[in-house]
$ cat structure_10.cif   # mmCIF, C-alpha atoms
data_data
#
loop_
_atom_site.label_atom_id
_atom_site.label_comp_id
_atom_site.auth_asym_id
_atom_site.auth_seq_id
_atom_site.Cartn_x
_atom_site.Cartn_y
_atom_site.Cartn_z
CA GLN A 85 107.60 112.36 134.22
CA LYS A 86 109.03 115.27 136.17
CA GLU A 87 108.62 118.70 134.63
CA VAL A 88 112.31 119.51 134.93
CA GLU A 89 114.96 116.83 135.28
CA GLN A 90 118.59 117.02 136.20
CA ASN A 91 121.18 114.46 137.14
CA SER A 92 121.55 114.87 140.89
CA GLY A 93 125.25 113.99 140.76
CA PRO A 94 127.55 114.42 142.49
CA LEU A 95 129.63 115.59 139.58
CA SER A 96 133.34 115.93 140.24
CA VAL A 97 135.52 118.03 137.96
CA PRO A 98 139.20 118.92 138.35
CA GLU A 99 140.08 122.56 138.81
CA GLY A 100 140.58 124.33 135.49
CA ALA A 101 138.48 121.87 133.51
CA ILE A 102 135.06 122.41 131.94
CA ALA A 103 132.02 121.41 133.98
CA SER A 104 128.96 120.45 131.97
CA LEU A 105 125.52 120.46 133.57
CA ASN A 106 122.42 119.24 131.80
CA CYS A 107 118.68 119.70 132.17
CA THR A 108 115.63 118.46 130.28
CA TYR A 109 112.08 119.73 130.53
CA SER A 110 108.72 118.30 129.60
CA ASP A 111 106.62 121.35 128.65
CA ARG A 112 107.40 122.01 124.99
CA GLY A 113 105.84 125.46 125.25
CA SER A 114 108.26 126.64 127.92
CA GLN A 115 109.75 130.00 127.05
CA SER A 116 112.32 130.97 129.65
CA PHE A 117 115.12 128.98 131.20
CA PHE A 118 117.28 129.80 134.16
CA TRP A 119 120.37 128.46 135.87
CA TYR A 120 120.82 129.13 139.56
CA ARG A 121 123.68 128.32 141.88
CA GLN A 122 122.94 127.42 145.48
CA TYR A 123 125.50 127.10 148.21
CA SER A 124 124.61 124.96 151.21
CA GLY A 125 122.18 126.75 153.51
CA LYS A 126 121.83 129.71 151.18
CA SER A 127 119.23 131.00 148.79
CA PRO A 128 119.66 130.41 145.04
CA GLU A 129 121.50 133.05 143.05
CA LEU A 130 120.94 133.58 139.36
CA ILE A 131 123.80 132.68 137.04
CA MET A 132 122.17 133.00 133.65
CA PHE A 133 118.89 132.99 131.80
CA ILE A 134 118.26 132.08 128.19
CA TYR A 135 115.22 132.45 125.95
CA SER A 136 116.42 131.67 122.44
CA ASN A 137 117.86 128.56 120.87
CA GLY A 138 121.61 128.49 120.75
CA ASP A 139 124.36 129.59 123.06
CA LYS A 140 124.59 132.49 125.46
CA GLU A 141 127.90 133.34 127.04
CA ASP A 142 128.64 135.35 130.17
CA GLY A 143 132.21 135.21 131.38
CA ARG A 144 133.12 131.64 132.22
CA PHE A 145 129.53 130.49 131.85
CA THR A 146 127.76 129.40 128.68
CA ALA A 147 124.11 128.39 128.57
CA GLN A 148 122.91 126.30 125.66
CA LEU A 149 119.28 125.85 124.70
CA ASN A 150 117.77 123.38 122.25
CA LYS A 151 114.01 123.72 122.28
CA ALA A 152 113.48 120.95 119.74
CA SER A 153 115.18 118.50 122.08
CA GLN A 154 113.78 120.22 125.19
CA TYR A 155 117.26 120.45 126.58
CA VAL A 156 119.22 123.19 128.29
CA SER A 157 122.78 123.00 129.55
CA LEU A 158 125.32 125.06 131.43
CA LEU A 159 129.04 124.96 130.77
CA ILE A 160 131.50 126.34 133.29
CA ARG A 161 134.95 126.93 131.86
CA ASP A 162 138.12 127.11 133.94
CA SER A 163 136.29 125.63 136.93
CA GLN A 164 137.28 126.97 140.32
CA PRO A 165 136.83 125.41 143.77
CA SER A 166 134.44 128.29 144.52
CA ASP A 167 132.16 126.92 141.80
CA SER A 168 131.45 123.93 144.04
CA ALA A 169 127.73 124.17 144.74
CA THR A 170 124.38 122.78 143.70
CA TYR A 171 123.21 124.02 140.30
CA LEU A 172 119.51 124.34 139.76
CA CYS A 173 117.81 124.45 136.40
CA ALA A 174 114.49 126.32 136.38
CA VAL A 175 111.86 126.71 133.70
CA ASN A 176 108.86 128.96 133.08
CA PRO A 177 106.09 126.65 131.86
CA GLN A 178 104.01 128.02 129.03
CA GLY A 179 101.58 130.68 130.17
CA ALA A 180 102.84 130.66 133.74
CA GLN A 181 104.97 133.09 135.68
CA LYS A 182 106.11 130.55 138.23
CA LEU A 183 109.48 128.85 138.08
CA VAL A 184 109.63 125.08 138.17
CA PHE A 185 112.94 123.76 139.44
CA GLY A 186 114.85 120.61 138.74
CA GLN A 187 116.25 118.62 141.64
CA GLY A 188 119.68 120.20 141.18
CA THR A 189 123.13 118.83 140.36
CA ARG A 190 125.76 118.86 143.06
CA LEU A 191 129.06 119.94 141.56
CA THR A 192 132.44 119.57 143.25
CA ILE A 193 135.56 121.16 141.81
CA ASN A 194 138.67 119.36 143.00
CA PRO A 195 141.83 121.44 143.47
CA GLY B 82 119.92 145.43 141.23
CA ALA B 83 116.69 144.30 142.82
CA VAL B 84 116.89 143.55 146.51
CA VAL B 85 114.57 141.36 148.52
CA SER B 86 114.77 141.28 152.28
CA GLN B 87 113.48 138.19 154.04
CA HIS B 88 113.10 138.00 157.78
CA PRO B 89 113.81 136.16 160.00
CA SER B 90 116.72 134.22 158.57
CA TRP B 91 116.15 131.41 161.03
CA VAL B 92 113.57 130.59 163.66
CA ILE B 93 112.98 127.79 166.14
CA CYS B 94 109.47 127.33 167.47
CA LYS B 95 107.49 124.84 169.50
CA SER B 96 104.93 122.51 167.96
CA GLY B 97 101.52 124.08 167.80
CA THR B 98 102.70 127.67 167.59
CA SER B 99 102.57 129.97 164.58
CA VAL B 100 105.44 131.63 162.79
CA LYS B 101 105.33 134.61 160.44
CA ILE B 102 107.92 135.14 157.72
CA GLU B 103 108.22 138.49 155.98
CA CYS B 104 109.46 139.17 152.51
CA ARG B 105 110.00 142.73 151.41
CA SER B 106 111.15 144.17 148.11
CA LEU B 107 113.37 147.13 148.87
CA ASP B 108 113.80 148.90 145.57
CA PHE B 109 110.99 147.82 143.27
CA GLN B 110 107.29 147.15 143.25
CA ALA B 111 106.49 143.48 142.96
CA THR B 112 103.33 142.42 141.22
CA THR B 113 103.66 138.71 141.80
CA MET B 114 105.22 136.81 144.63
CA PHE B 115 106.08 133.14 144.99
CA TRP B 116 106.77 131.17 148.13
CA TYR B 117 108.95 128.09 147.86
CA ARG B 118 109.88 125.40 150.35
CA GLN B 119 113.05 123.33 150.28
CA PHE B 120 113.58 120.21 152.37
CA PRO B 121 117.14 118.98 152.99
CA LYS B 122 118.86 117.71 149.86
CA GLN B 123 115.78 118.42 147.77
CA SER B 124 114.92 121.08 145.26
CA LEU B 125 112.69 124.10 145.63
CA MET B 126 109.01 123.26 145.57
CA LEU B 127 106.51 126.00 144.85
CA MET B 128 103.96 126.41 147.60
CA ALA B 129 101.87 129.31 146.37
CA THR B 130 101.66 132.29 144.07
CA SER B 131 100.21 135.58 145.18
CA ASN B 132 99.35 138.74 143.31
CA GLU B 133 99.09 142.04 145.13
CA GLY B 134 95.61 142.56 146.46
CA SER B 135 94.41 139.09 145.49
CA LYS B 136 94.13 135.78 147.28
CA ALA B 137 97.04 133.43 146.90
CA THR B 138 96.89 130.43 144.60
CA TYR B 139 98.21 127.31 146.31
CA GLU B 140 99.88 124.36 144.67
CA GLN B 141 98.34 120.94 144.98
CA GLY B 142 99.00 119.41 148.36
CA VAL B 143 99.70 122.70 150.15
CA GLU B 144 97.12 123.50 152.82
CA LYS B 145 95.93 127.05 152.43
CA ASP B 146 94.56 127.17 155.95
CA LYS B 147 97.90 126.15 157.37
CA PHE B 148 100.13 128.38 155.25
CA LEU B 149 98.57 131.83 155.25
CA ILE B 150 99.88 134.22 152.65
CA ASN B 151 99.22 137.93 152.67
CA HIS B 152 100.37 140.13 149.79
CA ALA B 153 98.74 143.37 150.83
CA SER B 154 101.16 145.74 149.15
CA LEU B 155 103.54 145.84 146.22
CA THR B 156 106.51 145.63 148.54
CA LEU B 157 105.52 143.20 151.27
CA SER B 158 104.36 139.62 151.43
CA THR B 159 104.07 137.44 154.51
CA LEU B 160 103.82 133.70 155.04
CA THR B 161 102.39 132.49 158.33
CA VAL B 162 102.85 128.85 159.25
CA THR B 163 100.01 128.11 161.63
CA SER B 164 100.04 125.33 164.21
CA ALA B 165 103.51 124.33 163.12
CA HIS B 166 104.61 120.71 163.37
CA PRO B 167 108.08 119.16 163.07
CA GLU B 168 107.33 118.08 159.49
CA ASP B 169 107.00 121.78 158.60
CA SER B 170 110.68 122.25 159.39
CA SER B 171 112.18 123.44 156.13
CA PHE B 172 113.88 126.29 154.30
CA TYR B 173 111.29 128.79 153.10
CA ILE B 174 112.23 131.17 150.31
CA CYS B 175 110.29 133.98 148.69
CA THR B 176 110.80 135.45 145.27
CA PHE B 177 109.27 138.40 143.50
CA THR B 178 108.75 139.21 139.90
CA ARG B 179 107.79 142.49 138.34
CA ARG B 180 105.35 143.48 135.63
CA ASN B 181 106.80 142.85 132.16
CA ASN B 182 110.01 141.61 133.67
CA TYR B 183 111.17 138.05 133.68
CA GLY B 184 113.63 138.54 136.47
CA TYR B 185 113.16 136.68 139.71
CA THR B 186 114.78 138.02 142.83
CA PHE B 187 115.02 135.62 145.74
CA GLY B 188 114.94 136.44 149.39
CA SER B 189 117.72 135.10 151.59
CA GLY B 190 115.51 132.35 152.96
CA THR B 191 114.19 131.40 156.40
CA ARG B 192 115.29 128.21 158.12
CA LEU B 193 112.33 127.03 160.23
CA THR B 194 112.86 124.37 162.86
CA VAL B 195 109.83 123.12 164.77
CA VAL B 196 110.61 121.24 167.98
#

$ encode --input "structure_10.cif" --output "structure tokens"
Amino acid sequence: QKEVEQNSGPLSVPEGAIASLNCTYSDRGSQSFFWYRQYSGKSPELIMFIYSNGDKEDGRFTAQLNKASQYVSLLIRDSQPSDSATYLCAVNPQGAQKLVFGQGTRLTINP
Amino acid sequence: GAVVSQHPSWVICKSGTSVKIECRSLDFQATTMFWYRQFPKQSLMLMATSNEGSKATYEQGVEKDKFLINHASLTLSTLTVTSAHPEDSSFYICTFTRRNNYGYTFGSGTRLTVV
């Protein structure tokens, strides 16, 4: 079982709709969870991080964490073509500083 | 915000030669540094973790004698790919973290092509 799993996609969403990205992780003791966006050929850029169960909102982005289900998601409201990218879920395993990444979900927003 | 400068952004080298990649934190002191590798259409895979002044810890399957990591100061870490081969062609990315801070700042990445 992979430590962090994501659906690789591609996920296609019409412009203006809500894009929903999901991630599961295997280490129940994981404490910190991150969502990164990566454009082709570029380095990842941080969108959001979340530590506590529940929702965390930042502009058009909402991260949701459910530690009991070992599940973290990212919602993008009012999707824009510029949101088209690969979204990477990353997790801090318990007791470790390193980030473990999922394989990423390729998202395409269709005008 | 925290800025990490990675250099070079791309490099082409011949098989058998060595390449050095530099990663520098410009406005903070980094206690721990991570080097990742990303092959086309794949995710980031951790290669090694280094703490300032200590030897790097390599992930399983990463040859420490081939990928030399030096983290001699709180602002600079280098990765040297020795005797590079075409299968080492990849996107190499560094990231720093700071003491008592969960933020991770990524460098801009280095595209290595070995011919």

$ residues_near_point --input "structure_10.cif" --point "(113.9, 148.8, 145.5)" --cutoff "12 Å" --atoms "all atoms listed in the file" --output "list in words"
Gly82, Ala83, Val84, Val85, Ser86, Arg105, Ser106, Leu107, Asp108, Phe109, Gln110, Ala111, Leu155, Thr156, Leu157, Phe177, Arg179 and Thr186 of chain B

$ resolve_selection --input "structure_10.cif" --expression "the PyMOL selection byres ((chain A) within 9 of (chain B))" --output "PyMOL selection string"
chain A and resi 116+125-130+133+172+181-188

$ residues_around --input "structure_10.cif" --residues "stretch 93-98 of chain B" --least-positions-apart "4" --cutoff "7 Å" --atoms "only C-alpha atoms" --output "list in words"
Thr163, Ser164, Ala165, His166, Pro167, Leu193, Thr194, Val195 and Val196 of chain B

$ residues_around --input "structure_10.cif" --residues "A:Gly100" --least-positions-apart "4" --cutoff "10 Å" --atoms "all atoms listed in the file" --output "PDB file with C-alpha atoms, keeping the file's coordinate frame"
ATOM      1  CA  ILE A 160     131.500 126.340 133.290  1.00  0.00           C
ATOM      2  CA  ARG A 161     134.950 126.930 131.860  1.00  0.00           C
ATOM      3  CA  ASP A 162     138.120 127.110 133.940  1.00  0.00           C
ATOM      4  CA  SER A 163     136.290 125.630 136.930  1.00  0.00           C
ATOM      5  CA  GLN A 164     137.280 126.970 140.320  1.00  0.00           C
ATOM      6  CA  PRO A 165     136.830 125.410 143.770  1.00  0.00           C
ATOM      7  CA  ILE A 193     135.560 121.160 141.810  1.00  0.00           C
ATOM      8  CA  ASN A 194     138.670 119.360 143.000  1.00  0.00           C
ATOM      9  CA  PRO A 195     141.830 121.440 143.470  1.00  0.00           C
TER      10      PRO A 195
END

$ closest_residue --input "structure_10.cif" --among "B:Phe120, B:Thr159, B:Met128, B:Glu103" --to "B:Val143" --atoms "all atoms listed in the file"
B:Met128
